[in-house]
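Dumped target_3.pdb below, it's PDB, C-alpha atoms, pLDDT in the B column:
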ATOM      1  CA  MET A   1     -14.548  22.903  -1.058  1.00 76.00           C
ATOM      2  CA  ASN A   2     -11.153  21.273  -0.290  1.00 90.00           C
ATOM      3  CA  ALA A   3     -11.366  18.797  -3.192  1.00 95.00           C
ATOM      4  CA  THR A   4     -13.480  18.386  -6.302  1.00 96.00           C
ATOM      5  CA  LEU A   5     -14.474  15.448  -8.502  1.00 96.00           C
ATOM      6  CA  ASN A   6     -14.945  15.752 -12.254  1.00 96.00           C
ATOM      7  CA  TYR A   7     -14.980  13.367 -15.177  1.00 96.00           C
ATOM      8  CA  GLN A   8     -13.511  13.529 -18.648  1.00 93.00           C
ATOM      9  CA  ASN A   9     -15.208  10.753 -20.556  1.00 89.00           C
ATOM     10  CA  ASP A  10     -14.539   7.659 -18.420  1.00 92.00           C
ATOM     11  CA  ILE A  11     -11.634   9.156 -16.452  1.00 96.00           C
ATOM     12  CA  ALA A  12     -12.275  10.474 -12.925  1.00 97.00           C
ATOM     13  CA  ILE A  13     -10.290  13.516 -11.791  1.00 97.00           C
ATOM     14  CA  ILE A  14      -9.932  14.555  -8.141  1.00 97.00           C
ATOM     15  CA  THR A  15      -8.386  17.994  -7.638  1.00 97.00           C
ATOM     16  CA  LEU A  16      -7.040  19.165  -4.279  1.00 97.00           C
ATOM     17  CA  CYS A  17      -8.380  22.697  -3.779  1.00 93.00           C
ATOM     18  CA  ARG A  18      -6.657  24.641  -1.015  1.00 91.00           C
ATOM     19  CA  PRO A  19      -4.222  26.720  -3.084  1.00 89.00           C
ATOM     20  CA  GLU A  20      -4.014  29.375  -0.348  1.00 90.00           C
ATOM     21  CA  ALA A  21      -2.464  26.666   1.875  1.00 89.00           C
ATOM     22  CA  ARG A  22      -0.531  24.951  -0.948  1.00 93.00           C
ATOM     23  CA  ASN A  23      -3.240  22.250  -0.893  1.00 93.00           C
ATOM     24  CA  ALA A  24      -2.181  21.099   2.582  1.00 93.00           C
ATOM     25  CA  LEU A  25      -4.179  18.214   3.971  1.00 94.00           C
ATOM     26  CA  ASN A  26      -6.429  19.218   6.845  1.00 93.00           C
ATOM     27  CA  LYS A  27      -9.055  17.051   8.516  1.00 92.00           C
ATOM     28  CA  GLU A  28     -11.832  18.290   6.245  1.00 94.00           C
ATOM     29  CA  MET A  29      -9.851  17.662   3.061  1.00 95.00           C
ATOM     30  CA  ILE A  30      -8.977  14.116   4.044  1.00 96.00           C
ATOM     31  CA  GLN A  31     -12.635  13.406   4.779  1.00 96.00           C
ATOM     32  CA  LYS A  32     -13.645  15.006   1.476  1.00 96.00           C
ATOM     33  CA  ILE A  33     -11.166  12.808  -0.420  1.00 97.00           C
ATOM     34  CA  ASP A  34     -12.600   9.783   1.384  1.00 97.00           C
ATOM     35  CA  ASP A  35     -16.145  10.739   0.348  1.00 96.00           C
ATOM     36  CA  LEU A  36     -15.099  11.360  -3.265  1.00 97.00           C
ATOM     37  CA  LEU A  37     -13.294   8.015  -3.426  1.00 97.00           C
ATOM     38  CA  ASN A  38     -16.510   6.268  -2.433  1.00 96.00           C
ATOM     39  CA  LYS A  39     -18.305   8.000  -5.310  1.00 96.00           C
ATOM     40  CA  VAL A  40     -15.525   7.173  -7.766  1.00 97.00           C
ATOM     41  CA  ASN A  41     -15.492   3.516  -6.779  1.00 93.00           C
ATOM     42  CA  GLN A  42     -19.215   3.256  -7.422  1.00 93.00           C
ATOM     43  CA  ALA A  43     -18.843   4.888 -10.845  1.00 93.00           C
ATOM     44  CA  HIS A  44     -16.302   2.302 -12.096  1.00 91.00           C
ATOM     45  CA  PRO A  45     -14.174   4.706 -14.198  1.00 94.00           C
ATOM     46  CA  ARG A  46     -11.333   3.592 -16.419  1.00 93.00           C
ATOM     47  CA  ALA A  47      -8.836   5.365 -14.165  1.00 96.00           C
ATOM     48  CA  LEU A  48      -8.505   8.119 -11.552  1.00 97.00           C
ATOM     49  CA  ILE A  49      -6.208  11.160 -11.808  1.00 98.00           C
ATOM     50  CA  PHE A  50      -5.176  13.283  -8.806  1.00 98.00           C
ATOM     51  CA  THR A  51      -4.100  16.886  -9.396  1.00 97.00           C
ATOM     52  CA  GLY A  52      -3.536  19.942  -7.216  1.00 95.00           C
ATOM     53  CA  GLN A  53      -5.003  23.395  -7.802  1.00 93.00           C
ATOM     54  CA  GLY A  54      -2.478  26.137  -8.459  1.00 87.00           C
ATOM     55  CA  GLU A  55       1.084  26.258  -9.755  1.00 83.00           C
ATOM     56  CA  LYS A  56       3.039  26.029  -6.501  1.00 89.00           C
ATOM     57  CA  ALA A  57       2.039  22.712  -4.998  1.00 95.00           C
ATOM     58  CA  PHE A  58       0.406  19.372  -5.675  1.00 96.00           C
ATOM     59  CA  CYS A  59       0.144  19.069  -1.899  1.00 96.00           C
ATOM     60  CA  ALA A  60       2.500  20.574   0.679  1.00 94.00           C
ATOM     61  CA  GLY A  61       1.686  17.913   3.280  1.00 91.00           C
ATOM     62  CA  ALA A  62      -0.378  17.864   6.432  1.00 86.00           C
ATOM     63  CA  ASP A  63      -1.738  21.116   7.844  1.00 87.00           C
ATOM     64  CA  ILE A  64       0.755  21.660  10.677  1.00 86.00           C
ATOM     65  CA  THR A  65      -1.642  23.960  12.546  1.00 86.00           C
ATOM     66  CA  GLU A  66      -3.807  20.898  13.250  1.00 85.00           C
ATOM     67  CA  LEU A  67      -0.950  19.045  14.970  1.00 85.00           C
ATOM     68  CA  GLN A  68      -0.951  21.175  18.120  1.00 86.00           C
ATOM     69  CA  ASN A  69      -2.423  20.272  21.498  1.00 85.00           C
ATOM     70  CA  LYS A  70      -3.979  16.921  20.644  1.00 89.00           C
ATOM     71  CA  THR A  71      -4.408  13.980  22.973  1.00 92.00           C
ATOM     72  CA  PRO A  72      -2.546  10.711  22.267  1.00 92.00           C
ATOM     73  CA  THR A  73      -5.840   9.207  21.098  1.00 93.00           C
ATOM     74  CA  GLU A  74      -6.406  12.088  18.683  1.00 93.00           C
ATOM     75  CA  TYR A  75      -2.901  11.754  17.222  1.00 92.00           C
ATOM     76  CA  LEU A  76      -3.460   8.028  16.686  1.00 93.00           C
ATOM     77  CA  GLU A  77      -6.834   8.633  15.055  1.00 94.00           C
ATOM     78  CA  LEU A  78      -5.281  11.275  12.792  1.00 92.00           C
ATOM     79  CA  SER A  79      -2.675   8.836  11.496  1.00 94.00           C
ATOM     80  CA  ARG A  80      -5.106   5.968  11.089  1.00 96.00           C
ATOM     81  CA  LYS A  81      -7.607   8.114   9.191  1.00 96.00           C
ATOM     82  CA  GLY A  82      -4.974   9.224   6.702  1.00 96.00           C
ATOM     83  CA  GLN A  83      -3.745   5.666   6.297  1.00 96.00           C
ATOM     84  CA  SER A  84      -7.290   4.413   5.763  1.00 96.00           C
ATOM     85  CA  VAL A  85      -8.039   6.952   3.032  1.00 97.00           C
ATOM     86  CA  PHE A  86      -4.719   6.369   1.249  1.00 97.00           C
ATOM     87  CA  ASN A  87      -5.204   2.590   1.497  1.00 96.00           C
ATOM     88  CA  LYS A  88      -8.539   3.110  -0.237  1.00 97.00           C
ATOM     89  CA  ILE A  89      -6.659   4.760  -3.126  1.00 97.00           C
ATOM     90  CA  SER A  90      -4.140   1.939  -3.239  1.00 95.00           C
ATOM     91  CA  ASN A  91      -6.858  -0.735  -3.278  1.00 94.00           C
ATOM     92  CA  LEU A  92      -8.982   0.707  -6.081  1.00 95.00           C
ATOM     93  CA  PRO A  93      -9.482  -1.873  -8.865  1.00 94.00           C
ATOM     94  CA  PHE A  94      -8.313   0.517 -11.597  1.00 94.00           C
ATOM     95  CA  PRO A  95      -5.130   2.567 -12.144  1.00 96.00           C
ATOM     96  CA  THR A  96      -4.619   5.813 -10.264  1.00 97.00           C
ATOM     97  CA  ILE A  97      -2.217   8.557 -11.361  1.00 98.00           C
ATOM     98  CA  ALA A  98      -0.872  11.427  -9.271  1.00 98.00           C
ATOM     99  CA  VAL A  99       0.129  14.326 -11.526  1.00 98.00           C
ATOM    100  CA  ILE A 100       2.522  16.477  -9.513  1.00 97.00           C
ATOM    101  CA  LYS A 101       3.175  20.125 -10.265  1.00 96.00           C
ATOM    102  CA  GLY A 102       5.173  22.061  -7.696  1.00 95.00           C
ATOM    103  CA  THR A 103       5.819  20.472  -4.316  1.00 97.00           C
ATOM    104  CA  ALA A 104       4.708  17.088  -3.011  1.00 97.00           C
ATOM    105  CA  LEU A 105       5.844  16.972   0.590  1.00 97.00           C
ATOM    106  CA  GLY A 106       4.945  14.900   3.634  1.00 96.00           C
ATOM    107  CA  GLY A 107       1.349  13.758   3.420  1.00 96.00           C
ATOM    108  CA  GLY A 108       1.172  15.023  -0.162  1.00 97.00           C
ATOM    109  CA  LEU A 109       3.924  12.650  -1.203  1.00 98.00           C
ATOM    110  CA  GLU A 110       2.297   9.895   0.849  1.00 97.00           C
ATOM    111  CA  LEU A 111      -0.925  10.442  -1.108  1.00 98.00           C
ATOM    112  CA  ALA A 112       1.010  10.267  -4.380  1.00 98.00           C
ATOM    113  CA  MET A 113       2.767   7.062  -3.284  1.00 98.00           C
ATOM    114  CA  ALA A 114      -0.632   5.445  -2.693  1.00 97.00           C
ATOM    115  CA  CYS A 115      -1.337   5.873  -6.415  1.00 98.00           C
ATOM    116  CA  THR A 116      -0.430   3.321  -9.048  1.00 97.00           C
ATOM    117  CA  PHE A 117       1.683   5.827 -11.004  1.00 97.00           C
ATOM    118  CA  ARG A 118       3.264   9.198 -10.342  1.00 98.00           C
ATOM    119  CA  ILE A 119       4.143  11.659 -13.088  1.00 97.00           C
ATOM    120  CA  CYS A 120       5.472  15.161 -12.541  1.00 97.00           C
ATOM    121  CA  HIS A 121       6.626  18.404 -14.101  1.00 96.00           C
ATOM    122  CA  LEU A 122      10.360  19.055 -14.260  1.00 95.00           C
ATOM    123  CA  ASP A 123      10.309  21.780 -11.609  1.00 95.00           C
ATOM    124  CA  SER A 124       8.546  19.605  -9.020  1.00 97.00           C
ATOM    125  CA  LYS A 125      10.061  19.031  -5.578  1.00 97.00           C
ATOM    126  CA  PHE A 126       9.639  16.082  -3.235  1.00 98.00           C
ATOM    127  CA  GLY A 127      10.368  15.155   0.353  1.00 97.00           C
ATOM    128  CA  LEU A 128       9.249  13.659   3.643  1.00 97.00           C
ATOM    129  CA  PRO A 129      10.437  16.383   6.050  1.00 96.00           C
ATOM    130  CA  GLU A 130       8.541  15.211   9.145  1.00 95.00           C
ATOM    131  CA  ILE A 131      11.783  14.510  11.037  1.00 96.00           C
ATOM    132  CA  LYS A 132      12.453  18.254  11.085  1.00 94.00           C
ATOM    133  CA  LEU A 133       9.367  18.577  13.310  1.00 93.00           C
ATOM    134  CA  GLY A 134      10.507  15.690  15.480  1.00 94.00           C
ATOM    135  CA  LEU A 135       7.911  13.444  13.838  1.00 93.00           C
ATOM    136  CA  LEU A 136       7.772  10.678  11.235  1.00 94.00           C
ATOM    137  CA  PRO A 137       5.544  10.113   8.186  1.00 95.00           C
ATOM    138  CA  GLY A 138       2.239   8.838   9.536  1.00 94.00           C
ATOM    139  CA  TYR A 139       0.077   8.339   6.444  1.00 96.00           C
ATOM    140  CA  GLY A 140       1.963   5.356   5.046  1.00 96.00           C
ATOM    141  CA  GLY A 141       5.285   6.932   4.072  1.00 96.00           C
ATOM    142  CA  THR A 142       7.483   4.607   6.134  1.00 96.00           C
ATOM    143  CA  GLN A 143       5.834   1.609   4.471  1.00 95.00           C
ATOM    144  CA  ARG A 144       5.326   2.686   0.867  1.00 96.00           C
ATOM    145  CA  LEU A 145       8.598   4.521   0.229  1.00 96.00           C
ATOM    146  CA  PRO A 146      10.797   1.430   0.954  1.00 96.00           C
ATOM    147  CA  ARG A 147       8.596  -0.634  -1.342  1.00 94.00           C
ATOM    148  CA  ILE A 148       9.149   1.866  -4.145  1.00 96.00           C
ATOM    149  CA  VAL A 149      12.799   2.960  -3.767  1.00 97.00           C
ATOM    150  CA  GLY A 150      14.328   0.326  -1.456  1.00 95.00           C
ATOM    151  CA  HIS A 151      14.989   0.337   2.292  1.00 95.00           C
ATOM    152  CA  ALA A 152      18.366   2.120   2.331  1.00 97.00           C
ATOM    153  CA  LYS A 153      17.247   4.974   0.075  1.00 97.00           C
ATOM    154  CA  ALA A 154      13.985   5.333   1.978  1.00 97.00           C
ATOM    155  CA  LEU A 155      15.821   5.624   5.292  1.00 97.00           C
ATOM    156  CA  GLU A 156      18.202   8.206   3.823  1.00 98.00           C
ATOM    157  CA  LEU A 157      15.317  10.348   2.567  1.00 98.00           C
ATOM    158  CA  ILE A 158      13.195  10.020   5.719  1.00 97.00           C
ATOM    159  CA  LEU A 159      16.051  10.506   8.221  1.00 97.00           C
ATOM    160  CA  SER A 160      17.446  13.533   6.368  1.00 97.00           C
ATOM    161  CA  GLY A 161      14.057  15.011   5.537  1.00 96.00           C
ATOM    162  CA  ARG A 162      15.728  16.654   2.560  1.00 97.00           C
ATOM    163  CA  ILE A 163      13.912  18.041  -0.460  1.00 97.00           C
ATOM    164  CA  PHE A 164      14.887  16.522  -3.820  1.00 97.00           C
ATOM    165  CA  ASP A 165      14.074  17.283  -7.430  1.00 97.00           C
ATOM    166  CA  ALA A 166      12.241  15.539 -10.264  1.00 98.00           C
ATOM    167  CA  ILE A 167      15.420  14.158 -11.829  1.00 98.00           C
ATOM    168  CA  GLU A 168      16.415  12.339  -8.648  1.00 98.00           C
ATOM    169  CA  ALA A 169      12.828  11.214  -8.102  1.00 98.00           C
ATOM    170  CA  LYS A 170      12.835   9.638 -11.572  1.00 98.00           C
ATOM    171  CA  GLU A 171      16.261   8.053 -11.044  1.00 98.00           C
ATOM    172  CA  ILE A 172      15.236   6.297  -7.823  1.00 98.00           C
ATOM    173  CA  GLY A 173      11.952   5.048  -9.310  1.00 97.00           C
ATOM    174  CA  LEU A 174       9.630   7.263  -7.284  1.00 98.00           C
ATOM    175  CA  ILE A 175       8.394   8.980 -10.447  1.00 97.00           C
ATOM    176  CA  THR A 176       7.214   7.034 -13.481  1.00 97.00           C
ATOM    177  CA  GLN A 177       7.487   9.868 -15.980  1.00 96.00           C
ATOM    178  CA  ILE A 178       8.460  13.540 -16.209  1.00 97.00           C
ATOM    179  CA  THR A 179       6.024  15.417 -18.403  1.00 95.00           C
ATOM    180  CA  ALA A 180       6.393  18.639 -20.386  1.00 94.00           C
ATOM    181  CA  THR A 181       2.620  19.089 -20.651  1.00 93.00           C
ATOM    182  CA  GLU A 182       1.670  22.171 -18.607  1.00 92.00           C
ATOM    183  CA  ASN A 183      -1.931  21.221 -17.892  1.00 93.00           C
ATOM    184  CA  SER A 184      -1.885  18.527 -15.197  1.00 94.00           C
ATOM    185  CA  THR A 185      -5.161  16.892 -16.209  1.00 94.00           C
ATOM    186  CA  GLN A 186      -4.025  16.663 -19.829  1.00 95.00           C
ATOM    187  CA  ALA A 187      -0.698  15.234 -18.699  1.00 95.00           C
ATOM    188  CA  GLY A 188      -2.563  12.463 -16.894  1.00 95.00           C
ATOM    189  CA  LEU A 189      -4.789  11.792 -19.884  1.00 94.00           C
ATOM    190  CA  ASP A 190      -1.765  11.673 -22.202  1.00 94.00           C
ATOM    191  CA  PHE A 191      -0.092   9.175 -19.886  1.00 94.00           C
ATOM    192  CA  LEU A 192      -3.182   6.968 -19.891  1.00 93.00           C
ATOM    193  CA  SER A 193      -3.316   7.048 -23.696  1.00 90.00           C
ATOM    194  CA  ASN A 194      -0.218   4.839 -23.707  1.00 87.00           C
ATOM    195  CA  PHE A 195      -2.340   1.991 -22.348  1.00 86.00           C
ATOM    196  CA  GLY A 196      -4.927   1.912 -25.123  1.00 75.00           C
ATOM    197  CA  GLU A 197      -8.575   2.834 -25.215  1.00 71.00           C
ATOM    198  CA  LYS A 198      -9.991   0.487 -22.583  1.00 81.00           C
ATOM    199  CA  PHE A 199      -8.653  -1.601 -19.700  1.00 86.00           C
ATOM    200  CA  PRO A 200      -9.966  -5.183 -19.606  1.00 89.00           C
ATOM    201  CA  ALA A 201     -11.574  -6.716 -16.522  1.00 88.00           C
ATOM    202  CA  SER A 202      -8.260  -8.430 -15.703  1.00 92.00           C
ATOM    203  CA  THR A 203      -6.846  -5.024 -14.672  1.00 92.00           C
ATOM    204  CA  ALA A 204      -8.188  -5.364 -11.129  1.00 91.00           C
ATOM    205  CA  PHE A 205      -6.660  -8.835 -10.825  1.00 92.00           C
ATOM    206  CA  ILE A 206      -3.290  -7.596 -12.100  1.00 93.00           C
ATOM    207  CA  ILE A 207      -3.225  -4.743  -9.590  1.00 91.00           C
ATOM    208  CA  LYS A 208      -4.069  -7.087  -6.720  1.00 91.00           C
ATOM    209  CA  ALA A 209      -1.438  -9.650  -7.728  1.00 93.00           C
ATOM    210  CA  VAL A 210       1.364  -7.126  -8.213  1.00 92.00           C
ATOM    211  CA  GLN A 211       0.565  -5.287  -4.975  1.00 88.00           C
ATOM    212  CA  SER A 212       0.846  -8.567  -3.079  1.00 90.00           C
ATOM    213  CA  ALA A 213       4.339  -9.284  -4.435  1.00 88.00           C
ATOM    214  CA  LEU A 214       6.172  -7.539  -1.583  1.00 84.00           C
ATOM    215  CA  ASP A 215       3.798  -8.720   1.126  1.00 88.00           C
ATOM    216  CA  LEU A 216       3.650 -12.458   0.409  1.00 91.00           C
ATOM    217  CA  ASN A 217       6.338 -15.116   0.194  1.00 91.00           C
ATOM    218  CA  ILE A 218       6.926 -16.504  -3.287  1.00 93.00           C
ATOM    219  CA  THR A 219       4.798 -19.606  -2.696  1.00 95.00           C
ATOM    220  CA  ASP A 220       1.766 -17.676  -1.518  1.00 93.00           C
ATOM    221  CA  GLY A 221       2.333 -15.033  -4.176  1.00 92.00           C
ATOM    222  CA  LEU A 222       2.347 -17.610  -6.957  1.00 94.00           C
ATOM    223  CA  ALA A 223      -0.791 -19.198  -5.518  1.00 95.00           C
ATOM    224  CA  LEU A 224      -2.527 -15.813  -5.617  1.00 93.00           C
ATOM    225  CA  GLU A 225      -1.299 -15.273  -9.172  1.00 93.00           C
ATOM    226  CA  SER A 226      -2.922 -18.553 -10.228  1.00 95.00           C
ATOM    227  CA  GLU A 227      -6.170 -17.509  -8.560  1.00 93.00           C
ATOM    228  CA  MET A 228      -6.105 -14.161 -10.351  1.00 93.00           C
ATOM    229  CA  PHE A 229      -5.279 -15.867 -13.669  1.00 91.00           C
ATOM    230  CA  LEU A 230      -8.257 -18.196 -13.213  1.00 93.00           C
ATOM    231  CA  ALA A 231     -10.503 -15.248 -12.395  1.00 92.00           C
ATOM    232  CA  SER A 232      -9.353 -13.452 -15.532  1.00 93.00           C
ATOM    233  CA  THR A 233     -10.201 -16.454 -17.727  1.00 91.00           C
ATOM    234  CA  GLN A 234     -13.823 -16.243 -16.604  1.00 92.00           C
ATOM    235  CA  THR A 235     -14.339 -12.672 -17.853  1.00 92.00           C
ATOM    236  CA  LYS A 236     -16.077 -11.647 -21.057  1.00 90.00           C
ATOM    237  CA  ASP A 237     -12.998  -9.615 -21.940  1.00 90.00           C
ATOM    238  CA  ALA A 238     -10.782 -12.698 -21.921  1.00 91.00           C
ATOM    239  CA  ALA A 239     -13.151 -14.500 -24.287  1.00 91.00           C
ATOM    240  CA  GLU A 240     -13.216 -11.418 -26.507  1.00 89.00           C
ATOM    241  CA  GLY A 241      -9.433 -11.009 -26.416  1.00 89.00           C
ATOM    242  CA  ILE A 242      -8.774 -14.616 -27.413  1.00 89.00           C
ATOM    243  CA  GLN A 243     -11.412 -14.552 -30.158  1.00 91.00           C
ATOM    244  CA  ALA A 244     -10.136 -11.229 -31.533  1.00 89.00           C
ATOM    245  CA  PHE A 245      -6.612 -12.649 -31.719  1.00 89.00           C
ATOM    246  CA  ILE A 246      -7.805 -15.744 -33.576  1.00 92.00           C
ATOM    247  CA  GLU A 247      -9.891 -13.644 -35.985  1.00 92.00           C
ATOM    248  CA  LYS A 248      -7.044 -11.113 -36.442  1.00 90.00           C
ATOM    249  CA  ARG A 249      -9.228  -8.122 -35.586  1.00 90.00           C
ATOM    250  CA  LYS A 250      -9.099  -5.258 -33.105  1.00 88.00           C
ATOM    251  CA  VAL A 251     -10.153  -6.273 -29.622  1.00 87.00           C
ATOM    252  CA  GLN A 252     -13.217  -4.608 -28.042  1.00 87.00           C
ATOM    253  CA  PHE A 253     -12.934  -4.731 -24.253  1.00 88.00           C
ATOM    254  CA  THR A 254     -15.938  -3.801 -22.062  1.00 85.00           C
ATOM    255  CA  ASN A 255     -14.330  -4.213 -18.609  1.00 83.00           C
ATOM    256  CA  GLN A 256     -16.572  -7.172 -17.901  1.00 82.00           C
TER     257      GLN A 256
END
Target format structure tokens, applied to this file:
Amino acid sequence: MNATLNYQNDIAIITLCRPEARNALNKEMIQKIDDLLNKVNQAHPRALIFTGQGEKAFCAGADITELQNKTPTEYLELSRKGQSVFNKISNLPFPTIAVIKGTALGGGLELAMACTFRICHLDSKFGLPEIKLGLLPGYGGTQRLPRIVGHAKALELILSGRIFDAIEAKEIGLITQITATENSTQAGLDFLSNFGEKFPASTAFIIKAVQSALDLNITDGLALESEMFLASTQTKDAAEGIQAFIEKRKVQFTNQ
């Protein structure tokens, strides 16, 4: 099974399902996540929540048993496949939330970093320990972690490979929120409730503009922002939002 897809109203929920292996990412699981993401994208949900089955781990990383005796081409394909799937998460036009309970290590943390937000339970543990195997993060960790916590902190965490707790993760900005809600799906739903009942169509434009901020110079970034602002003005939701404000009534977004 590896991973499952369910819905709660208009929220998609992907659960990693290899509890016997602490939800470690093997080739089949990564492909299953890829397939489920294609289904989710076609369904146009309000948001997507990632959880892990079991109490011990969100995802303990890559399945190390699959890293033996591969050719250089196979190692390169392995990295590029993981990057491709996690890029697909990052480029979804709606918010994604990783709800972490237990450990999020290596590829598991890389998956979480591809999400828009990360929330966790207080006893969660984090780390990119690949250096202890003589390797480096290959599913986007060397690129996403500096963008989230800064270059110096990212190098310290990657070069030491040390495991750190939820408090430190929150302090360095890796985690958005620490939750006391035991059920991971409910924790994700509670987090989303802070954003209101419905995201407007401008959500996709906001995500694209903000994601570009660290990749573009300020001139090109501002040009993209203007393009995204123009696109937002052409949506039905923008017309509804402006009219609702003028009429002093509750806005009714339809994500159109």
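For the pair CA of Ile89 in chain A and CA of Ala114 in chain A, the separation is 6.1 Å.
Among the candidate residues A:Phe50, A:Phe205, A:Phe58, A:Phe253, the one lying nearest to Leu230 in chain A is A:Phe205, with distances computed using only C-alpha atoms.
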Please report, as a Markdown table, each residue of range 151-222 of chain A lying at most 12 Å from range 3-18 of chain A, together with the nearest pair of atoms and the separation in Å rounded to one decimal; use all atoms listed in the file, and order rows by chain and ascending residue number.
| residue | atom | partner | partner_atom | distance |
| --- | --- | --- | --- | --- |
| A:Ser184 | CA | A:Thr15 | CA | 10.0 |
| A:Thr185 | CA | A:Ile13 | CA | 7.6 |
| A:Gln186 | CA | A:Gln8 | CA | 10.1 |
| A:Ala187 | CA | A:Ile13 | CA | 11.9 |
| A:Gly188 | CA | A:Ile13 | CA | 9.3 |
| A:Leu189 | CA | A:Ile11 | CA | 8.1 |
| A:Asp190 | CA | A:Ile11 | CA | 11.7 |
| A:Leu192 | CA | A:Ile11 | CA | 9.4 |
| A:Ser193 | CA | A:Ile11 | CA | 11.2 |
| A:Glu197 | CA | A:Asp10 | CA | 10.2 |
| A:Lys198 | CA | A:Asp10 | CA | 9.5 |
| A:Phe199 | CA | A:Asp10 | CA | 11.0 |
Fill in: Result set of the PyMOL selection byres ((chain A and resi 214) around 12) on the coordinates above, as a ChimeraX atom specification
/A:143-144,146-148,150,208-213,215-218,220-221
Worksheet entry | From A:Gly52, A:Gly82, A:Pro200, A:Gly140, residue lying nearest Ala21 in chain A [all atoms listed in the file] | A:Gly52
Is there a way to complete range 181-198 of chain A with N, CA and C atoms and then write that out as a PDB file, keeping the file's coordinate frame?
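See rebuild_0.pdb below for the written result:
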ATOM      1  N   THR A 181       3.959  18.547 -20.457  1.00 93.00           N
ATOM      2  CA  THR A 181       2.620  19.089 -20.651  1.00 93.00           C
ATOM      3  C   THR A 181       2.237  19.955 -19.461  1.00 93.00           C
ATOM      4  N   GLU A 182       1.924  21.226 -19.694  1.00 92.00           N
ATOM      5  CA  GLU A 182       1.670  22.171 -18.607  1.00 92.00           C
ATOM      6  C   GLU A 182       0.399  21.850 -17.835  1.00 92.00           C
ATOM      7  N   ASN A 183      -0.667  21.512 -18.544  1.00 93.00           N
ATOM      8  CA  ASN A 183      -1.931  21.221 -17.892  1.00 93.00           C
ATOM      9  C   ASN A 183      -1.869  19.835 -17.243  1.00 93.00           C
ATOM     10  N   SER A 184      -2.063  19.788 -15.926  1.00 94.00           N
ATOM     11  CA  SER A 184      -1.885  18.527 -15.197  1.00 94.00           C
ATOM     12  C   SER A 184      -2.898  17.467 -15.607  1.00 94.00           C
ATOM     13  N   THR A 185      -4.155  17.863 -15.785  1.00 94.00           N
ATOM     14  CA  THR A 185      -5.161  16.892 -16.209  1.00 94.00           C
ATOM     15  C   THR A 185      -4.806  16.305 -17.566  1.00 94.00           C
ATOM     16  N   GLN A 186      -4.399  17.150 -18.506  1.00 95.00           N
ATOM     17  CA  GLN A 186      -4.025  16.663 -19.829  1.00 95.00           C
ATOM     18  C   GLN A 186      -2.814  15.760 -19.752  1.00 95.00           C
ATOM     19  N   ALA A 187      -1.878  16.083 -18.866  1.00 95.00           N
ATOM     20  CA  ALA A 187      -0.698  15.234 -18.699  1.00 95.00           C
ATOM     21  C   ALA A 187      -1.105  13.838 -18.248  1.00 95.00           C
ATOM     22  N   GLY A 188      -2.068  13.768 -17.333  1.00 95.00           N
ATOM     23  CA  GLY A 188      -2.563  12.463 -16.894  1.00 95.00           C
ATOM     24  C   GLY A 188      -3.274  11.711 -17.995  1.00 95.00           C
ATOM     25  N   LEU A 189      -4.079  12.425 -18.769  1.00 94.00           N
ATOM     26  CA  LEU A 189      -4.789  11.792 -19.884  1.00 94.00           C
ATOM     27  C   LEU A 189      -3.822  11.302 -20.948  1.00 94.00           C
ATOM     28  N   ASP A 190      -2.775  12.094 -21.224  1.00 94.00           N
ATOM     29  CA  ASP A 190      -1.765  11.673 -22.202  1.00 94.00           C
ATOM     30  C   ASP A 190      -1.048  10.416 -21.730  1.00 94.00           C
ATOM     31  N   PHE A 191      -0.748  10.358 -20.445  1.00 94.00           N
ATOM     32  CA  PHE A 191      -0.092   9.175 -19.886  1.00 94.00           C
ATOM     33  C   PHE A 191      -0.975   7.943 -20.051  1.00 94.00           C
ATOM     34  N   LEU A 192      -2.260   8.095 -19.774  1.00 93.00           N
ATOM     35  CA  LEU A 192      -3.182   6.968 -19.891  1.00 93.00           C
ATOM     36  C   LEU A 192      -3.352   6.513 -21.334  1.00 93.00           C
ATOM     37  N   SER A 193      -3.153   7.411 -22.292  1.00 90.00           N
ATOM     38  CA  SER A 193      -3.316   7.048 -23.696  1.00 90.00           C
ATOM     39  C   SER A 193      -2.306   5.992 -24.127  1.00 90.00           C
ATOM     40  N   ASN A 194      -1.211   5.863 -23.384  1.00 87.00           N
ATOM     41  CA  ASN A 194      -0.218   4.839 -23.707  1.00 87.00           C
ATOM     42  C   ASN A 194      -0.726   3.429 -23.460  1.00 87.00           C
ATOM     43  N   PHE A 195      -1.828   3.309 -22.717  1.00 86.00           N
ATOM     44  CA  PHE A 195      -2.340   1.991 -22.348  1.00 86.00           C
ATOM     45  C   PHE A 195      -3.479   1.523 -23.247  1.00 86.00           C
ATOM     46  N   GLY A 196      -3.840   2.306 -24.248  1.00 75.00           N
ATOM     47  CA  GLY A 196      -4.927   1.912 -25.123  1.00 75.00           C
ATOM     48  C   GLY A 196      -6.242   2.535 -24.705  1.00 75.00           C
ATOM     49  N   GLU A 197      -7.289   2.176 -25.402  1.00 71.00           N
ATOM     50  CA  GLU A 197      -8.575   2.834 -25.215  1.00 71.00           C
ATOM     51  C   GLU A 197      -9.354   2.322 -24.010  1.00 71.00           C
ATOM     52  N   LYS A 198      -9.173   1.073 -23.643  1.00 81.00           N
ATOM     53  CA  LYS A 198      -9.991   0.487 -22.583  1.00 81.00           C
ATOM     54  C   LYS A 198      -9.184  -0.561 -21.826  1.00 81.00           C
TER      55      LYS A 198
END
